[in-house]
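Reading through the structure tokens given below for one structure.
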Amino acid sequence: MALGAALAGLVGASSPEAEECPRKGALGTSRVLSVDAKTTPRVGLKSFPQTLPLADREVVLTFDDGPNPPTTSKVLAALAQECVRATFFLIGLHASQHPDMVKRIAREGHTIGHHTFSHPFMARIPFDKAKSEIDRGIAADEMALKGVATTTPSTPFFRFPYFESTQAQLDLLQGRGIVVFGADLWASDWTEITPEQELKLVTERLAASGKGIILFHDPKARTAAIMPAFLRYLRENGYRVVHIVPAAAPQKNADAR
């Protein structure tokens, strides 16, 4: 698709909830989608039967395992250049080590989700230890974000490390009103591939699926390296970025300073 045609499509997809981008011709964020734990407690077709209600050529960008300042900064710069908003599922230990980066992610308008404290294989540890990993991770993220170590998340979004969970853990999160995110496709950036190979892989998978929740890892240098080109691919091929927020409190992260 020609660039001009792609941009024309994006203009038509604008939502009154999405902020205007000051950079003419940027990809932008097409719309904001509120996600309610009551109606969609678990999403992502790689793990669950349902996913988010996305139209064709709509994507949700998600990043796991940060923050890692050298690479997360590059990812944030690429997203800012295209006026795109994403969701970052943070490891609590990393958040506690880099609170300024956590605040920056939120200040730049992105959604902050949770990804345990130390990234264990959750289905291979006792329930009490798994619960502690969830709570410690949330508390560390909240302390970094707002200076209060609460286990009630500002944004009730959670992703299991390795997409590994037990039914008891899923029930625990659902009972607490926390949405569990899987993914619809991923970049396989945890494998030893070149940036060029990663870009080819994720764009081919997206072309095949046509839409979906995409998983990246912002601590990976290869992902940071491809992000400008990947966002350009989205823009030139008529894809639209959807920003996800919790249904009850869509602006909470935006208030961080």
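Ordering of the structure tokens sets the chain letters (A, B, ...); residue numbers start at 1 within each chain; ligands are numbered from 1 in the order shown.
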Would you tabulate, counting only C-alpha atoms, all residues of region 159-211 of chain A that have an atom at most 10 Å from an atom of region 51-69 of chain A, showing the closest pair of atoms and their distance in Å to one decimal, sorted by chain then ascending number, as CSV?
residue,atom,partner,partner_atom,distance
A:Arg159,CA,A:Asp64,CA,8.4
A:Phe160,CA,A:Asp64,CA,9.9
A:Pro161,CA,A:Asp65,CA,8.7
A:Phe181,CA,A:Thr51,CA,8.8
A:Gly182,CA,A:Thr51,CA,8.5
A:Ala183,CA,A:Thr51,CA,8.1
A:Asp184,CA,A:Thr51,CA,7.5
A:Trp186,CA,A:Thr62,CA,9.6
A:Leu206,CA,A:Arg57,CA,8.8
A:Ala207,CA,A:Arg57,CA,8.9
A:Ser209,CA,A:Arg57,CA,8.9
A:Gly210,CA,A:Arg57,CA,5.3
A:Lys211,CA,A:Arg57,CA,4.8
Near-region 33-50 of chain A list (10 Å; only C-alpha atoms; drop same-chain fewer than 2 positions) as number ranges by chain = A: 17-18, 30-31, 52-54, 60, 156-159, 163-165, 170-171, 173-186, 212-214, 242-250
Pro219 (chain A): which residues within 12 Å, counting only C-alpha atoms, same-chain residues fewer than 3 positions away excluded, as a PyMOL selection string?
-> chain A and resi 63-76+88-91+94+189-190+216+222-225
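Separating CA of Ala95 (chain A) from CA of Leu199 (chain A) is a distance of 27.4 Å.
Residues in contact with Lys131 (chain A) at up to 12 Å, not including ones fewer than 3 positions away on its chain and judged by only C-alpha atoms, are Thr116, Phe117, Pro120, Met122, Ala123, Ile125, Pro126, Phe127, Asp128, Ile134, Asp135, Arg136, Gly137, Ile138, Thr151, Phe160, Ser165, Thr166, Ala168, Gln169, Leu170, Asp171, Leu172, Leu173 and Arg176 of chain A.
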Would you export the selected residues with N, CA, C and O atoms as a short mmCIF file (atom, residue, chain, number, x, y, z; two decimals), in the first residue's frame, please?
data_model
loop_
_atom_site.label_atom_id
_atom_site.label_comp_id
_atom_site.auth_asym_id
_atom_site.auth_seq_id
_atom_site.Cartn_x
_atom_site.Cartn_y
_atom_site.Cartn_z
N THR A 116 5.03 -9.82 37.57
CA THR A 116 5.65 -10.45 38.75
C THR A 116 6.85 -9.64 39.23
O THR A 116 7.25 -8.64 38.62
N PHE A 117 7.45 -10.11 40.33
CA PHE A 117 8.61 -9.41 40.89
C PHE A 117 9.92 -9.88 40.26
O PHE A 117 10.81 -9.08 39.97
N PRO A 120 9.54 -15.64 37.61
CA PRO A 120 9.70 -17.09 37.74
C PRO A 120 8.75 -17.85 36.82
O PRO A 120 7.86 -17.27 36.20
N MET A 122 5.75 -19.56 36.93
CA MET A 122 4.72 -19.49 37.97
C MET A 122 4.01 -20.82 38.22
O MET A 122 3.54 -21.07 39.33
N ALA A 123 3.88 -21.65 37.21
CA ALA A 123 3.17 -22.91 37.39
C ALA A 123 4.02 -23.97 38.09
O ALA A 123 3.54 -25.04 38.42
N ILE A 125 5.87 -23.30 40.95
CA ILE A 125 6.12 -22.91 42.33
C ILE A 125 4.83 -23.01 43.14
O ILE A 125 3.74 -22.99 42.57
N PRO A 126 4.92 -23.14 44.47
CA PRO A 126 3.71 -23.24 45.29
C PRO A 126 2.83 -22.00 45.14
O PRO A 126 3.31 -20.90 44.83
N PHE A 127 1.54 -22.18 45.40
CA PHE A 127 0.58 -21.09 45.23
C PHE A 127 0.96 -19.87 46.08
O PHE A 127 0.88 -18.73 45.60
N ASP A 128 1.35 -20.10 47.33
CA ASP A 128 1.69 -18.97 48.20
C ASP A 128 2.87 -18.17 47.66
O ASP A 128 2.89 -16.93 47.73
N ILE A 134 3.25 -12.11 42.62
CA ILE A 134 2.27 -11.17 42.05
C ILE A 134 2.22 -9.90 42.91
O ILE A 134 2.34 -8.77 42.39
N ASP A 135 2.06 -10.08 44.22
CA ASP A 135 1.91 -8.93 45.11
C ASP A 135 3.18 -8.09 45.20
O ASP A 135 3.12 -6.85 45.19
N ARG A 136 4.33 -8.75 45.31
CA ARG A 136 5.59 -8.00 45.39
C ARG A 136 5.85 -7.23 44.10
O ARG A 136 6.35 -6.10 44.12
N GLY A 137 5.49 -7.85 42.97
CA GLY A 137 5.68 -7.16 41.71
C GLY A 137 4.82 -5.93 41.59
O GLY A 137 5.29 -4.85 41.19
N ILE A 138 3.55 -6.07 41.93
CA ILE A 138 2.64 -4.91 41.89
C ILE A 138 3.12 -3.83 42.84
O ILE A 138 3.18 -2.65 42.49
N THR A 151 -0.54 -3.23 47.02
CA THR A 151 -0.76 -4.40 46.17
C THR A 151 -2.05 -4.26 45.35
O THR A 151 -2.45 -5.19 44.67
N PHE A 160 1.53 -13.17 32.78
CA PHE A 160 2.36 -14.20 33.39
C PHE A 160 3.67 -14.36 32.63
O PHE A 160 3.66 -14.40 31.39
N SER A 165 0.75 -20.40 33.83
CA SER A 165 -0.07 -20.12 35.00
C SER A 165 -0.80 -21.38 35.43
O SER A 165 -0.80 -22.39 34.72
N THR A 166 -1.43 -21.32 36.59
CA THR A 166 -2.32 -22.39 37.05
C THR A 166 -3.73 -21.82 37.15
O THR A 166 -3.93 -20.60 37.18
N ALA A 168 -5.65 -21.89 39.70
CA ALA A 168 -5.79 -21.17 40.97
C ALA A 168 -5.25 -19.75 40.86
O ALA A 168 -5.83 -18.81 41.41
N GLN A 169 -4.14 -19.58 40.14
CA GLN A 169 -3.58 -18.24 39.96
C GLN A 169 -4.50 -17.38 39.10
O GLN A 169 -4.71 -16.19 39.39
N LEU A 170 -5.04 -17.96 38.04
CA LEU A 170 -5.99 -17.23 37.19
C LEU A 170 -7.22 -16.82 37.99
O LEU A 170 -7.71 -15.69 37.86
N ASP A 171 -7.72 -17.72 38.81
CA ASP A 171 -8.90 -17.42 39.64
C ASP A 171 -8.60 -16.31 40.64
O ASP A 171 -9.45 -15.45 40.89
N LEU A 172 -7.39 -16.34 41.20
CA LEU A 172 -6.98 -15.30 42.15
C LEU A 172 -7.04 -13.92 41.49
O LEU A 172 -7.62 -12.97 42.04
N LEU A 173 -6.47 -13.81 40.33
CA LEU A 173 -6.44 -12.52 39.64
C LEU A 173 -7.83 -12.09 39.20
O LEU A 173 -8.18 -10.91 39.31
N ARG A 176 -9.68 -10.58 41.96
CA ARG A 176 -9.18 -9.25 42.32
C ARG A 176 -9.45 -8.21 41.23
O ARG A 176 -9.02 -7.06 41.35
#
Would you please give, as a ChimeraX atom specification, all residues of region 22-227 of chain A that DSSP assigns to helix (DSSP H, G or I) based on the backbone?
-> /A:69-81,92-97,99-107,122-124,127-146,161-163,167-175,195-209,221-227
Would you return as an MDAnalysis selection string the members of region 21-193 of chain A that DSSP assigns to strand (DSSP E or B) on this structure's backbone?
-> chainID A and resid 29:35 42:43 58:64 87:90 111:114 157:158 179:181 185:186
